[in-house]
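Colleague: Sharing query_4.csv here; it has CSV, C-alpha atoms.
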```
chain,number,residue,atom,x,y,z
L,1,MET,CA,109.8,98.2,124.8
L,2,ASN,CA,112.6,95.6,125.3
L,3,ARG,CA,109.9,92.9,126.0
L,4,LEU,CA,108.0,94.0,122.9
L,5,ILE,CA,111.2,93.8,120.8
L,6,HIS,CA,112.0,90.4,122.3
L,7,ARG,CA,108.6,89.1,121.4
L,8,GLY,CA,109.1,90.3,117.8
L,9,LEU,CA,106.3,92.8,117.9
L,10,VAL,CA,108.5,95.9,117.7
L,11,THR,CA,111.7,96.8,116.0
L,12,ARG,CA,114.0,99.8,116.6
L,13,GLY,CA,115.8,101.9,114.0
L,14,LYS,CA,119.5,102.4,113.8
L,15,GLY,CA,121.5,104.7,116.1
L,16,SER,CA,121.2,105.5,119.8
L,17,HIS,CA,118.0,107.5,119.2
L,18,GLY,CA,116.4,105.1,116.7
L,19,LEU,CA,112.7,105.2,116.5
L,20,TYR,CA,110.5,102.2,117.4
L,21,PHE,CA,108.3,100.6,114.7
L,22,PRO,CA,105.8,97.7,114.7
L,23,THR,CA,107.5,94.8,113.0
L,24,THR,CA,106.4,93.5,109.6
L,25,LYS,CA,104.2,90.4,109.4
L,26,ALA,CA,107.2,88.3,108.3
L,27,ARG,CA,108.9,88.9,111.7
L,28,ARG,CA,105.9,88.6,114.0
L,29,GLY,CA,105.6,85.0,115.2
L,30,ILE,CA,102.2,85.9,116.7
L,31,SER,CA,100.8,86.7,113.3
L,32,LEU,CA,101.1,83.1,112.1
L,33,THR,CA,98.0,82.2,114.0
L,34,ALA,CA,96.1,85.0,112.3
L,35,ASP,CA,97.5,84.0,108.9
L,36,VAL,CA,96.6,80.4,109.3
L,37,LEU,CA,93.0,81.3,110.4
L,38,THR,CA,92.5,83.8,107.6
L,39,ASN,CA,94.0,81.5,104.9
L,40,SER,CA,91.8,78.7,106.1
L,41,PHE,CA,88.8,80.9,106.0
L,42,VAL,CA,89.7,82.0,102.4
L,43,SER,CA,90.2,78.4,101.2
L,44,SER,CA,87.3,76.8,103.1
L,45,ILE,CA,84.6,79.5,102.9
L,46,LEU,CA,85.5,82.4,100.7
L,47,ASP,CA,86.7,80.4,97.8
L,48,ASN,CA,84.1,77.6,98.4
L,49,ASP,CA,81.3,78.0,95.8
L,50,ASN,CA,79.2,75.5,97.7
L,51,PHE,CA,79.3,77.3,101.0
L,52,VAL,CA,75.8,78.6,101.9
L,53,MET,CA,76.1,82.1,103.4
L,54,ASP,CA,73.5,83.1,106.0
L,55,VAL,CA,71.5,86.2,105.2
L,56,PRO,CA,69.7,86.9,108.5
L,57,SER,CA,67.1,89.5,109.2
L,58,TRP,CA,66.3,91.0,112.6
L,59,ASN,CA,62.9,91.8,114.1
L,60,LYS,CA,61.4,91.6,117.6
L,61,GLU,CA,58.7,89.2,116.5
L,62,ASN,CA,61.3,86.5,115.9
L,63,ASN,CA,62.7,87.0,119.5
L,64,ASN,CA,65.9,88.4,118.2
L,65,THR,CA,67.9,90.3,120.8
L,66,GLU,CA,69.2,93.8,120.7
L,67,LEU,CA,72.7,92.4,120.9
L,68,GLY,CA,71.8,90.4,117.7
L,69,HIS,CA,70.7,93.6,116.1
L,70,ALA,CA,73.9,95.4,117.1
L,71,LEU,CA,76.1,92.6,115.7
L,72,LEU,CA,74.0,92.3,112.5
L,73,SER,CA,74.2,96.1,112.0
L,74,LEU,CA,78.0,96.1,112.6
L,75,SER,CA,78.4,93.1,110.2
L,76,ASN,CA,76.5,95.0,107.5
L,77,ILE,CA,78.5,98.2,108.0
L,78,LEU,CA,81.9,96.5,108.0
L,79,GLY,CA,81.1,94.1,105.2
L,80,GLY,CA,79.5,96.9,103.1
L,81,PHE,CA,82.6,99.2,103.7
L,82,ILE,CA,85.0,96.4,102.6
L,83,VAL,CA,83.0,95.6,99.5
L,84,TYR,CA,82.7,99.3,98.6
L,85,THR,CA,86.5,99.8,99.0
L,86,LEU,CA,87.1,96.7,96.9
L,87,ILE,CA,85.1,98.3,94.1
L,88,GLN,CA,86.6,101.7,94.5
L,89,SER,CA,90.2,100.4,94.6
L,90,MET,CA,89.7,99.2,91.1
L,91,ASN,CA,87.9,102.3,89.9
L,92,PRO,CA,90.1,104.2,87.3
L,93,GLU,CA,88.4,107.5,88.3
L,94,ASN,CA,90.1,107.5,91.6
L,95,LYS,CA,93.5,107.8,89.8
L,96,ILE,CA,95.2,105.4,92.2
L,97,THR,CA,97.5,104.2,89.4
L,98,GLN,CA,98.1,107.5,87.5
L,99,THR,CA,101.8,107.7,88.5
L,100,SER,CA,102.5,104.0,87.9
L,101,ARG,CA,105.0,103.3,85.1
L,102,ASN,CA,103.7,99.9,84.1
L,103,VAL,CA,100.9,97.3,84.6
L,104,ILE,CA,102.8,95.6,87.5
L,105,GLU,CA,103.2,98.9,89.4
L,106,LYS,CA,99.5,99.6,88.8
L,107,ASP,CA,98.5,96.3,90.5
L,108,PHE,CA,100.8,97.0,93.4
L,109,ALA,CA,99.4,100.5,93.7
L,110,VAL,CA,95.8,99.2,93.9
L,111,GLN,CA,96.7,96.6,96.5
L,112,ALA,CA,98.7,99.1,98.6
L,113,TRP,CA,95.7,101.6,98.4
L,114,LEU,CA,93.3,98.9,99.6
L,115,GLU,CA,95.6,97.7,102.4
L,116,ASP,CA,96.0,101.4,103.6
L,117,ALA,CA,92.2,101.9,103.5
L,118,LEU,CA,91.5,98.7,105.5
L,119,SER,CA,94.4,99.3,107.9
L,120,ILE,CA,92.9,102.6,108.9
L,121,LEU,CA,89.6,100.9,109.5
L,122,LEU,CA,91.2,98.3,111.7
L,123,GLU,CA,93.2,100.8,113.8
L,124,ASN,CA,90.2,101.4,116.1
L,125,ILE,CA,87.9,98.6,115.2
L,126,LEU,CA,88.1,96.8,118.6
L,127,SER,CA,87.1,100.0,120.4
L,128,HIS,CA,84.2,100.6,118.0
L,129,PHE,CA,83.1,97.0,118.5
L,130,LYS,CA,83.0,97.3,122.3
L,131,GLU,CA,81.0,100.5,122.0
L,132,ARG,CA,78.4,98.9,119.8
L,133,VAL,CA,77.8,95.9,122.0
L,134,PHE,CA,78.2,97.3,125.6
L,135,LEU,CA,74.6,98.4,126.2
L,136,TYR,CA,73.2,95.0,125.1
L,137,LEU,CA,75.4,92.5,127.0
L,138,GLU,CA,73.2,90.6,129.4
L,139,GLY,CA,76.2,89.5,131.4
L,140,ILE,CA,77.1,93.0,132.4
L,141,ASP,CA,73.4,93.9,132.9
L,142,ASP,CA,72.9,91.0,135.3
L,143,ASP,CA,76.0,92.0,137.3
L,144,ILE,CA,74.5,95.5,137.6
L,145,ARG,CA,70.9,94.6,138.6
L,146,GLN,CA,71.3,91.6,140.8
L,147,ASN,CA,69.7,92.4,144.2
L,148,ALA,CA,70.5,96.1,143.9
L,149,SER,CA,68.7,99.4,144.7
L,150,GLU,CA,68.3,102.1,142.1
L,151,SER,CA,71.3,104.1,143.5
L,152,GLU,CA,73.4,100.9,143.7
L,153,ILE,CA,72.5,100.1,140.1
L,154,PHE,CA,73.6,103.6,139.0
L,155,ASP,CA,76.9,103.3,140.9
L,156,LYS,CA,77.4,99.7,139.6
L,157,ALA,CA,76.7,100.8,136.0
L,158,GLY,CA,79.5,103.4,136.3
L,159,THR,CA,81.9,100.9,137.7
L,160,GLU,CA,81.1,98.4,135.0
L,161,TYR,CA,81.5,101.1,132.3
L,162,VAL,CA,84.9,102.1,133.6
L,163,LYS,CA,86.0,98.5,133.9
L,164,PHE,CA,84.8,97.7,130.3
L,165,PHE,CA,86.3,100.7,128.6
L,166,ASP,CA,89.0,102.4,130.7
L,167,LYS,CA,90.9,99.6,132.4
L,168,ARG,CA,93.7,97.6,130.7
L,169,PRO,CA,93.8,95.2,129.1
L,170,PHE,CA,91.3,97.0,126.9
L,171,PHE,CA,90.8,94.2,124.4
L,172,THR,CA,90.5,91.1,126.6
L,173,LEU,CA,86.9,90.3,127.6
L,174,ASP,CA,85.4,88.2,130.4
L,175,GLN,CA,84.7,84.6,129.2
L,176,ARG,CA,81.0,85.0,129.9
L,177,ILE,CA,80.9,88.0,127.5
L,178,ILE,CA,82.8,86.1,124.9
L,179,SER,CA,80.3,83.2,125.2
L,180,GLU,CA,77.4,85.5,124.9
L,181,LEU,CA,78.8,87.2,121.8
L,182,ILE,CA,79.7,83.8,120.2
L,183,ASN,CA,76.2,82.4,120.9
L,184,CYS,CA,74.5,85.5,119.5
L,185,PHE,CA,76.8,85.4,116.4
L,186,SER,CA,76.0,81.7,115.9
L,187,GLN,CA,72.3,82.4,116.0
L,188,LEU,CA,72.7,85.1,113.3
L,189,PHE,CA,75.1,83.1,111.1
L,190,PRO,CA,74.8,79.4,111.9
L,191,ASN,CA,76.5,78.1,108.8
L,192,LEU,CA,79.3,80.6,109.0
L,193,SER,CA,79.8,80.2,112.7
L,194,HIS,CA,79.9,76.4,112.5
L,195,ASP,CA,82.6,76.5,109.8
L,196,LEU,CA,84.6,79.2,111.4
L,197,GLU,CA,84.6,77.4,114.8
L,198,LYS,CA,85.8,74.3,113.0
L,199,ILE,CA,88.6,76.2,111.4
L,200,ARG,CA,89.6,77.8,114.7
L,201,SER,CA,89.7,74.3,116.4
L,202,GLU,CA,92.1,73.2,113.7
L,203,VAL,CA,94.4,76.2,114.0
L,204,PRO,CA,96.9,74.5,116.4
L,205,LYS,CA,97.4,71.6,114.0
L,206,LEU,CA,97.6,73.9,110.9
L,207,LEU,CA,100.0,76.2,112.8
L,208,ALA,CA,102.3,73.3,113.6
L,209,GLN,CA,102.2,72.2,109.9
L,210,GLU,CA,103.0,75.8,108.8
L,211,ILE,CA,105.9,76.1,111.2
L,212,ASN,CA,107.3,72.6,110.2
L,213,HIS,CA,107.0,73.7,106.5
L,214,MET,CA,108.9,76.9,107.2
L,215,ARG,CA,111.6,75.0,109.0
L,216,TYR,CA,111.8,72.5,106.1
L,217,ILE,CA,112.1,75.3,103.6
L,218,GLU,CA,114.9,76.9,105.6
L,219,GLU,CA,116.8,73.6,105.9
L,220,ARG,CA,116.3,72.8,102.2
L,221,VAL,CA,117.7,76.2,101.2
L,222,LYS,CA,120.8,75.5,103.3
L,223,VAL,CA,121.2,72.1,101.6
L,224,GLN,CA,120.6,73.6,98.1
L,225,LYS,CA,123.5,76.0,98.6
L,226,THR,CA,126.0,73.2,99.0
L,227,CYS,CA,124.4,70.5,96.9
L,228,LYS,CA,126.2,69.2,93.8
L,229,HIS,CA,123.0,69.2,91.7
L,230,LYS,CA,122.0,66.5,89.4
L,231,TYR,CA,119.2,67.9,87.4
L,232,GLN,CA,116.7,65.9,85.4
L,233,GLN,CA,113.4,66.7,83.6
L,234,LEU,CA,110.7,67.9,86.0
L,235,LEU,CA,107.6,65.7,86.0
L,236,ASN,CA,105.0,68.1,87.5
L,237,GLN,CA,101.8,69.2,85.9
L,238,LEU,CA,102.1,72.6,87.6
L,239,TYR,CA,105.2,73.4,85.5
L,240,ASP,CA,106.0,73.3,81.9
L,241,SER,CA,108.3,70.3,81.9
L,242,ASP,CA,110.1,71.5,78.8
L,243,LYS,CA,111.3,74.7,80.5
L,244,PHE,CA,112.1,73.5,84.0
L,245,GLU,CA,114.4,70.9,85.5
L,246,HIS,CA,114.6,69.4,89.0
L,247,CYS,CA,117.5,68.2,91.2
L,248,ARG,CA,116.7,64.8,92.6
L,249,LYS,CA,119.1,65.3,95.5
L,250,CYS,CA,118.0,68.6,97.1
L,251,HIS,CA,114.7,69.1,95.2
L,252,LYS,CA,115.7,72.4,93.7
L,253,THR,CA,113.7,73.4,90.7
L,254,ARG,CA,115.1,75.9,88.1
L,255,ARG,CA,114.4,77.1,84.6
L,256,LYS,CA,116.5,75.2,82.0
L,257,GLU,CA,119.5,77.1,80.7
L,258,ASN,CA,119.3,78.0,77.0
```
Would you mind giving the structure from this file in structure tokens?
Modeller:
Amino acid sequence: MNRLIHRGLVTRGKGSHGLYFPTTKARRGISLTADVLTNSFVSSILDNDNFVMDVPSWNKENNNTELGHALLSLSNILGGFIVYTLIQSMNPENKITQTSRNVIEKDFAVQAWLEDALSILLENILSHFKERVFLYLEGIDDDIRQNASESEIFDKAGTEYVKFFDKRPFFTLDQRIISELINCFSQLFPNLSHDLEKIRSEVPKLLAQEINHMRYIEERVKVQKTCKHKYQQLLNQLYDSDKFEHCRKCHKTRRKEN
């Protein structure tokens, strides 16, 4: 637990018998990579009206693999569930906002409900994914069948099953299996796979930019606390220049005083 706390993944409540909790996103340095990847996906793909989404179909005549069918089925199930919960989160009949006092609280209630629904889905999603693909991974099948008798195949299958599901780390796969999964995914969704791999390759650079920006903001806040401001009219199209002013020394922007 001390190592998890040191890495920022867990926090402890007050007192000698304080309970342990997963830290919030703001305190988990490891989450920055996920944030950068997801935000890049949103801006480059989800919000891109020109992106052409693959709509694959599966049949044996096209030489699609059973692993491809498993991935396609899982994609449809997960995607369908997410779209369905998006719709139902905004459905007044579900009475998600009935105790909210104003429109702002209603929006928060809907967002919180959706986050709860998706977080429950994500709790065991890695285990479900492994169960879906295990039987169709050629890498594991090759290990089992190579120069083996029927009894040896049976014993090897049990060993591989235990290694795949019951040995830690549970959620780190052999690189051969990762390559097989990625290749199958890229055959199903060539456009999406190409752009996602491009985003993933840029994550280190984007992460460095994000960290530098956070450090810049922290330093700027320190300077702004001691700055003897010299405000002037803000020249920025994102703001109503008649209502805001900008300090040319520390770059603090504020609403003009009446």
Colleague: What does the distance between atom CA of Asn212 of chain L and atom CA of Val36 of chain L come to in Å, to one decimal place?
Modeller: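 If I compute the distance from atom CA of Asn212 of chain L to atom CA of Val36 of chain L, I get 13.3 Å.
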Colleague: Give me the residues within 12 Å of segment 184-201 of chain L as a PyMOL selection string, counting only C-alpha atoms and dropping any in the same chain fewer than 4 places off.
Modeller: chain L and resi 33-46+48+50-59+62-75+133+136-138+177-180+205-207
Colleague: Let me see the file: selected residues, C-alpha atoms, as an mmCIF file, in the coordinates of the input.
Modeller:
```
data_model
loop_
_atom_site.group_PDB
_atom_site.id
_atom_site.type_symbol
_atom_site.label_atom_id
_atom_site.label_comp_id
_atom_site.auth_asym_id
_atom_site.auth_seq_id
_atom_site.Cartn_x
_atom_site.Cartn_y
_atom_site.Cartn_z
ATOM 1 C CA THR L 33 98.000 82.200 114.000
ATOM 2 C CA ALA L 34 96.100 85.000 112.300
ATOM 3 C CA ASP L 35 97.500 84.000 108.900
ATOM 4 C CA VAL L 36 96.600 80.400 109.300
ATOM 5 C CA LEU L 37 93.000 81.300 110.400
ATOM 6 C CA THR L 38 92.500 83.800 107.600
ATOM 7 C CA ASN L 39 94.000 81.500 104.900
ATOM 8 C CA SER L 40 91.800 78.700 106.100
ATOM 9 C CA PHE L 41 88.800 80.900 106.000
ATOM 10 C CA VAL L 42 89.700 82.000 102.400
ATOM 11 C CA SER L 43 90.200 78.400 101.200
ATOM 12 C CA SER L 44 87.300 76.800 103.100
ATOM 13 C CA ILE L 45 84.600 79.500 102.900
ATOM 14 C CA LEU L 46 85.500 82.400 100.700
ATOM 15 C CA ASN L 48 84.100 77.600 98.400
ATOM 16 C CA ASN L 50 79.200 75.500 97.700
ATOM 17 C CA PHE L 51 79.300 77.300 101.000
ATOM 18 C CA VAL L 52 75.800 78.600 101.900
ATOM 19 C CA MET L 53 76.100 82.100 103.400
ATOM 20 C CA ASP L 54 73.500 83.100 106.000
ATOM 21 C CA VAL L 55 71.500 86.200 105.200
ATOM 22 C CA PRO L 56 69.700 86.900 108.500
ATOM 23 C CA SER L 57 67.100 89.500 109.200
ATOM 24 C CA TRP L 58 66.300 91.000 112.600
ATOM 25 C CA ASN L 59 62.900 91.800 114.100
ATOM 26 C CA ASN L 62 61.300 86.500 115.900
ATOM 27 C CA ASN L 63 62.700 87.000 119.500
ATOM 28 C CA ASN L 64 65.900 88.400 118.200
ATOM 29 C CA THR L 65 67.900 90.300 120.800
ATOM 30 C CA GLU L 66 69.200 93.800 120.700
ATOM 31 C CA LEU L 67 72.700 92.400 120.900
ATOM 32 C CA GLY L 68 71.800 90.400 117.700
ATOM 33 C CA HIS L 69 70.700 93.600 116.100
ATOM 34 C CA ALA L 70 73.900 95.400 117.100
ATOM 35 C CA LEU L 71 76.100 92.600 115.700
ATOM 36 C CA LEU L 72 74.000 92.300 112.500
ATOM 37 C CA SER L 73 74.200 96.100 112.000
ATOM 38 C CA LEU L 74 78.000 96.100 112.600
ATOM 39 C CA SER L 75 78.400 93.100 110.200
ATOM 40 C CA VAL L 133 77.800 95.900 122.000
ATOM 41 C CA TYR L 136 73.200 95.000 125.100
ATOM 42 C CA LEU L 137 75.400 92.500 127.000
ATOM 43 C CA GLU L 138 73.200 90.600 129.400
ATOM 44 C CA ILE L 177 80.900 88.000 127.500
ATOM 45 C CA ILE L 178 82.800 86.100 124.900
ATOM 46 C CA SER L 179 80.300 83.200 125.200
ATOM 47 C CA GLU L 180 77.400 85.500 124.900
ATOM 48 C CA LYS L 205 97.400 71.600 114.000
ATOM 49 C CA LEU L 206 97.600 73.900 110.900
ATOM 50 C CA LEU L 207 100.000 76.200 112.800
#
```
Colleague: Separation of atom CA of Gln233 of chain L and atom CA of Arg248 of chain L, in Å?
Modeller: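 A separation of 9.8 Å between them.
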Colleague: Expressed in Å to a single decimal, how great is the separation between atom CA of Glu219 of chain L and atom CA of Leu235 of chain L?
Modeller: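 Taking atom CA of Glu219 of chain L as the start and atom CA of Leu235 of chain L as the end point, the length is 23.3 Å.
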Colleague: Kindly extract all protein, DNA and RNA residues lying within 8 Å of the coordinates (115.9, 67.1, 92.9) given in the file, considering only C-alpha atoms, and supply them as a PyMOL selection string.
Modeller: chain L and resi 229-232+246-253
Colleague: So that I can see what lies close to segment 105-116 of chain L, please list as a PyMOL selection string the residues with an atom at most 10 Å from it, counting only C-alpha atoms and leaving out residues fewer than 2 positions away in the same chain.
Modeller: chain L and resi 82+85-91+95-103+118-122
Colleague: For segment 55-58 of chain L, take all atoms listed in the file, fit an axis-aligned box around them, add 3 Å to each of the six sides, then output centre and edge lengths in Å rounded to one decimal, as JSON.
Modeller:
```
{"center_x": 68.9, "center_y": 88.6, "center_z": 108.9, "size_x": 11.2, "size_y": 10.8, "size_z": 13.4}
```
Colleague: With distances taken over all atoms listed in the file, which of L:Asn124, L:Gly13, L:Gly139, L:Met1 is nearest to Arg176 of chain L?
Modeller: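 Looking only at the distances to Arg176 of chain L, the closest residue turns out to be L:Gly139.
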Colleague: Would you list the contacts of Lys163 of chain L as an mmCIF file with C-alpha atoms, in the coordinates of the input, taking every protein, DNA or RNA residue within 12 Å and counting all atoms listed in the file, but skipping same-chain residues closer than 4 positions in sequence?
Modeller:
```cif
data_model
loop_
_atom_site.group_PDB
_atom_site.id
_atom_site.type_symbol
_atom_site.label_atom_id
_atom_site.label_comp_id
_atom_site.auth_asym_id
_atom_site.auth_seq_id
_atom_site.Cartn_x
_atom_site.Cartn_y
_atom_site.Cartn_z
ATOM 1 C CA PHE L 134 78.200 97.300 125.600
ATOM 2 C CA ILE L 140 77.100 93.000 132.400
ATOM 3 C CA LYS L 156 77.400 99.700 139.600
ATOM 4 C CA ALA L 157 76.700 100.800 136.000
ATOM 5 C CA GLY L 158 79.500 103.400 136.300
ATOM 6 C CA THR L 159 81.900 100.900 137.700
ATOM 7 C CA LYS L 167 90.900 99.600 132.400
ATOM 8 C CA ARG L 168 93.700 97.600 130.700
ATOM 9 C CA PRO L 169 93.800 95.200 129.100
ATOM 10 C CA PHE L 170 91.300 97.000 126.900
ATOM 11 C CA PHE L 171 90.800 94.200 124.400
ATOM 12 C CA THR L 172 90.500 91.100 126.600
ATOM 13 C CA LEU L 173 86.900 90.300 127.600
ATOM 14 C CA ASP L 174 85.400 88.200 130.400
#
```
Colleague: Can I get segment 58-91 of chain L with N, CA and C atoms filled in, as a PDB file, in the coordinates of the input?
Modeller:
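Result file is part-v6.pdb:
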```pdb
ATOM      1  N   TRP L  58      66.513  90.835 111.156  1.00  0.00           N
ATOM      2  CA  TRP L  58      66.300  91.000 112.600  1.00  0.00           C
ATOM      3  C   TRP L  58      64.905  91.690 112.782  1.00  0.00           C
ATOM      4  N   ASN L  59      64.108  91.118 113.669  1.00  0.00           N
ATOM      5  CA  ASN L  59      62.900  91.800 114.100  1.00  0.00           C
ATOM      6  C   ASN L  59      62.481  91.189 115.461  1.00  0.00           C
ATOM      7  N   LYS L  60      61.782  91.990 116.254  1.00  0.00           N
ATOM      8  CA  LYS L  60      61.400  91.600 117.600  1.00  0.00           C
ATOM      9  C   LYS L  60      60.466  90.423 117.635  1.00  0.00           C
ATOM     10  N   GLU L  61      59.666  90.291 116.579  1.00  0.00           N
ATOM     11  CA  GLU L  61      58.700  89.200 116.500  1.00  0.00           C
ATOM     12  C   GLU L  61      59.372  87.839 116.528  1.00  0.00           C
ATOM     13  N   ASN L  62      60.584  87.785 115.991  1.00  0.00           N
ATOM     14  CA  ASN L  62      61.300  86.500 115.900  1.00  0.00           C
ATOM     15  C   ASN L  62      62.180  86.312 117.179  1.00  0.00           C
ATOM     16  N   ASN L  63      61.946  87.131 118.209  1.00  0.00           N
ATOM     17  CA  ASN L  63      62.700  87.000 119.500  1.00  0.00           C
ATOM     18  C   ASN L  63      64.163  87.254 119.319  1.00  0.00           C
ATOM     19  N   ASN L  64      64.542  88.013 118.328  1.00  0.00           N
ATOM     20  CA  ASN L  64      65.900  88.400 118.200  1.00  0.00           C
ATOM     21  C   ASN L  64      66.272  89.414 119.286  1.00  0.00           C
ATOM     22  N   THR L  65      67.497  89.377 119.771  1.00  0.00           N
ATOM     23  CA  THR L  65      67.900  90.300 120.800  1.00  0.00           C
ATOM     24  C   THR L  65      68.465  91.567 120.285  1.00  0.00           C
ATOM     25  N   GLU L  66      68.550  92.559 121.150  1.00  0.00           N
ATOM     26  CA  GLU L  66      69.200  93.800 120.700  1.00  0.00           C
ATOM     27  C   GLU L  66      70.638  93.640 120.462  1.00  0.00           C
ATOM     28  N   LEU L  67      71.275  92.704 121.191  1.00  0.00           N
ATOM     29  CA  LEU L  67      72.700  92.400 120.900  1.00  0.00           C
ATOM     30  C   LEU L  67      72.786  91.826 119.487  1.00  0.00           C
ATOM     31  N   GLY L  68      71.847  90.969 119.101  1.00  0.00           N
ATOM     32  CA  GLY L  68      71.800  90.400 117.700  1.00  0.00           C
ATOM     33  C   GLY L  68      71.689  91.523 116.703  1.00  0.00           C
ATOM     34  N   HIS L  69      70.835  92.488 116.991  1.00  0.00           N
ATOM     35  CA  HIS L  69      70.700  93.600 116.100  1.00  0.00           C
ATOM     36  C   HIS L  69      71.947  94.414 115.953  1.00  0.00           C
ATOM     37  N   ALA L  70      72.642  94.624 117.087  1.00  0.00           N
ATOM     38  CA  ALA L  70      73.900  95.400 117.100  1.00  0.00           C
ATOM     39  C   ALA L  70      74.969  94.651 116.258  1.00  0.00           C
ATOM     40  N   LEU L  71      75.069  93.329 116.438  1.00  0.00           N
ATOM     41  CA  LEU L  71      76.100  92.600 115.700  1.00  0.00           C
ATOM     42  C   LEU L  71      75.731  92.520 114.202  1.00  0.00           C
ATOM     43  N   LEU L  72      74.446  92.367 113.895  1.00  0.00           N
ATOM     44  CA  LEU L  72      74.000  92.300 112.500  1.00  0.00           C
ATOM     45  C   LEU L  72      74.284  93.674 111.825  1.00  0.00           C
ATOM     46  N   SER L  73      73.986  94.759 112.529  1.00  0.00           N
ATOM     47  CA  SER L  73      74.200  96.100 112.000  1.00  0.00           C
ATOM     48  C   SER L  73      75.715  96.321 111.740  1.00  0.00           C
ATOM     49  N   LEU L  74      76.540  95.901 112.712  1.00  0.00           N
ATOM     50  CA  LEU L  74      78.000  96.100 112.600  1.00  0.00           C
ATOM     51  C   LEU L  74      78.518  95.219 111.410  1.00  0.00           C
ATOM     52  N   SER L  75      77.992  93.996 111.275  1.00  0.00           N
ATOM     53  CA  SER L  75      78.400  93.100 110.200  1.00  0.00           C
ATOM     54  C   SER L  75      78.092  93.738 108.826  1.00  0.00           C
ATOM     55  N   ASN L  76      76.905  94.321 108.723  1.00  0.00           N
ATOM     56  CA  ASN L  76      76.500  95.000 107.500  1.00  0.00           C
ATOM     57  C   ASN L  76      77.363  96.175 107.154  1.00  0.00           C
ATOM     58  N   ILE L  77      77.649  96.982 108.188  1.00  0.00           N
ATOM     59  CA  ILE L  77      78.500  98.200 108.000  1.00  0.00           C
ATOM     60  C   ILE L  77      79.875  97.826 107.552  1.00  0.00           C
ATOM     61  N   LEU L  78      80.509  96.908 108.311  1.00  0.00           N
ATOM     62  CA  LEU L  78      81.900  96.500 108.000  1.00  0.00           C
ATOM     63  C   LEU L  78      81.971  95.805 106.659  1.00  0.00           C
ATOM     64  N   GLY L  79      81.058  94.850 106.457  1.00  0.00           N
ATOM     65  CA  GLY L  79      81.100  94.100 105.200  1.00  0.00           C
ATOM     66  C   GLY L  79      80.786  95.051 104.023  1.00  0.00           C
ATOM     67  N   GLY L  80      79.836  95.977 104.204  1.00  0.00           N
ATOM     68  CA  GLY L  80      79.500  96.900 103.100  1.00  0.00           C
ATOM     69  C   GLY L  80      80.707  97.834 102.822  1.00  0.00           C
ATOM     70  N   PHE L  81      81.396  98.296 103.870  1.00  0.00           N
ATOM     71  CA  PHE L  81      82.600  99.200 103.700  1.00  0.00           C
ATOM     72  C   PHE L  81      83.662  98.423 102.897  1.00  0.00           C
ATOM     73  N   ILE L  82      83.909  97.180 103.296  1.00  0.00           N
ATOM     74  CA  ILE L  82      85.000  96.400 102.600  1.00  0.00           C
ATOM     75  C   ILE L  82      84.631  96.175 101.168  1.00  0.00           C
ATOM     76  N   VAL L  83      83.380  95.796 100.895  1.00  0.00           N
ATOM     77  CA  VAL L  83      83.000  95.600  99.500  1.00  0.00           C
ATOM     78  C   VAL L  83      83.084  96.885  98.714  1.00  0.00           C
ATOM     79  N   TYR L  84      82.660  97.991  99.320  1.00  0.00           N
ATOM     80  CA  TYR L  84      82.700  99.300  98.600  1.00  0.00           C
ATOM     81  C   TYR L  84      84.174  99.667  98.327  1.00  0.00           C
ATOM     82  N   THR L  85      85.080  99.479  99.276  1.00  0.00           N
ATOM     83  CA  THR L  85      86.500  99.800  99.000  1.00  0.00           C
ATOM     84  C   THR L  85      87.109  98.885  98.002  1.00  0.00           C
ATOM     85  N   LEU L  86      86.671  97.634  97.969  1.00  0.00           N
ATOM     86  CA  LEU L  86      87.100  96.700  96.900  1.00  0.00           C
ATOM     87  C   LEU L  86      86.790  97.268  95.546  1.00  0.00           C
ATOM     88  N   ILE L  87      85.555  97.728  95.420  1.00  0.00           N
ATOM     89  CA  ILE L  87      85.100  98.300  94.100  1.00  0.00           C
ATOM     90  C   ILE L  87      85.888  99.547  93.787  1.00  0.00           C
ATOM     91  N   GLN L  88      85.983 100.464  94.754  1.00  0.00           N
ATOM     92  CA  GLN L  88      86.600 101.700  94.500  1.00  0.00           C
ATOM     93  C   GLN L  88      88.143 101.614  94.281  1.00  0.00           C
ATOM     94  N   SER L  89      88.755 100.577  94.855  1.00  0.00           N
ATOM     95  CA  SER L  89      90.200 100.400  94.600  1.00  0.00           C
ATOM     96  C   SER L  89      90.495 100.093  93.173  1.00  0.00           C
ATOM     97  N   MET L  90      89.517  99.523  92.471  1.00  0.00           N
ATOM     98  CA  MET L  90      89.700  99.200  91.100  1.00  0.00           C
ATOM     99  C   MET L  90      89.051 100.166  90.112  1.00  0.00           C
ATOM    100  N   ASN L  91      88.591 101.281  90.657  1.00  0.00           N
ATOM    101  CA  ASN L  91      87.900 102.300  89.900  1.00  0.00           C
ATOM    102  C   ASN L  91      88.957 103.280  89.283  1.00  0.00           C
TER     103      ASN L  91
END
```
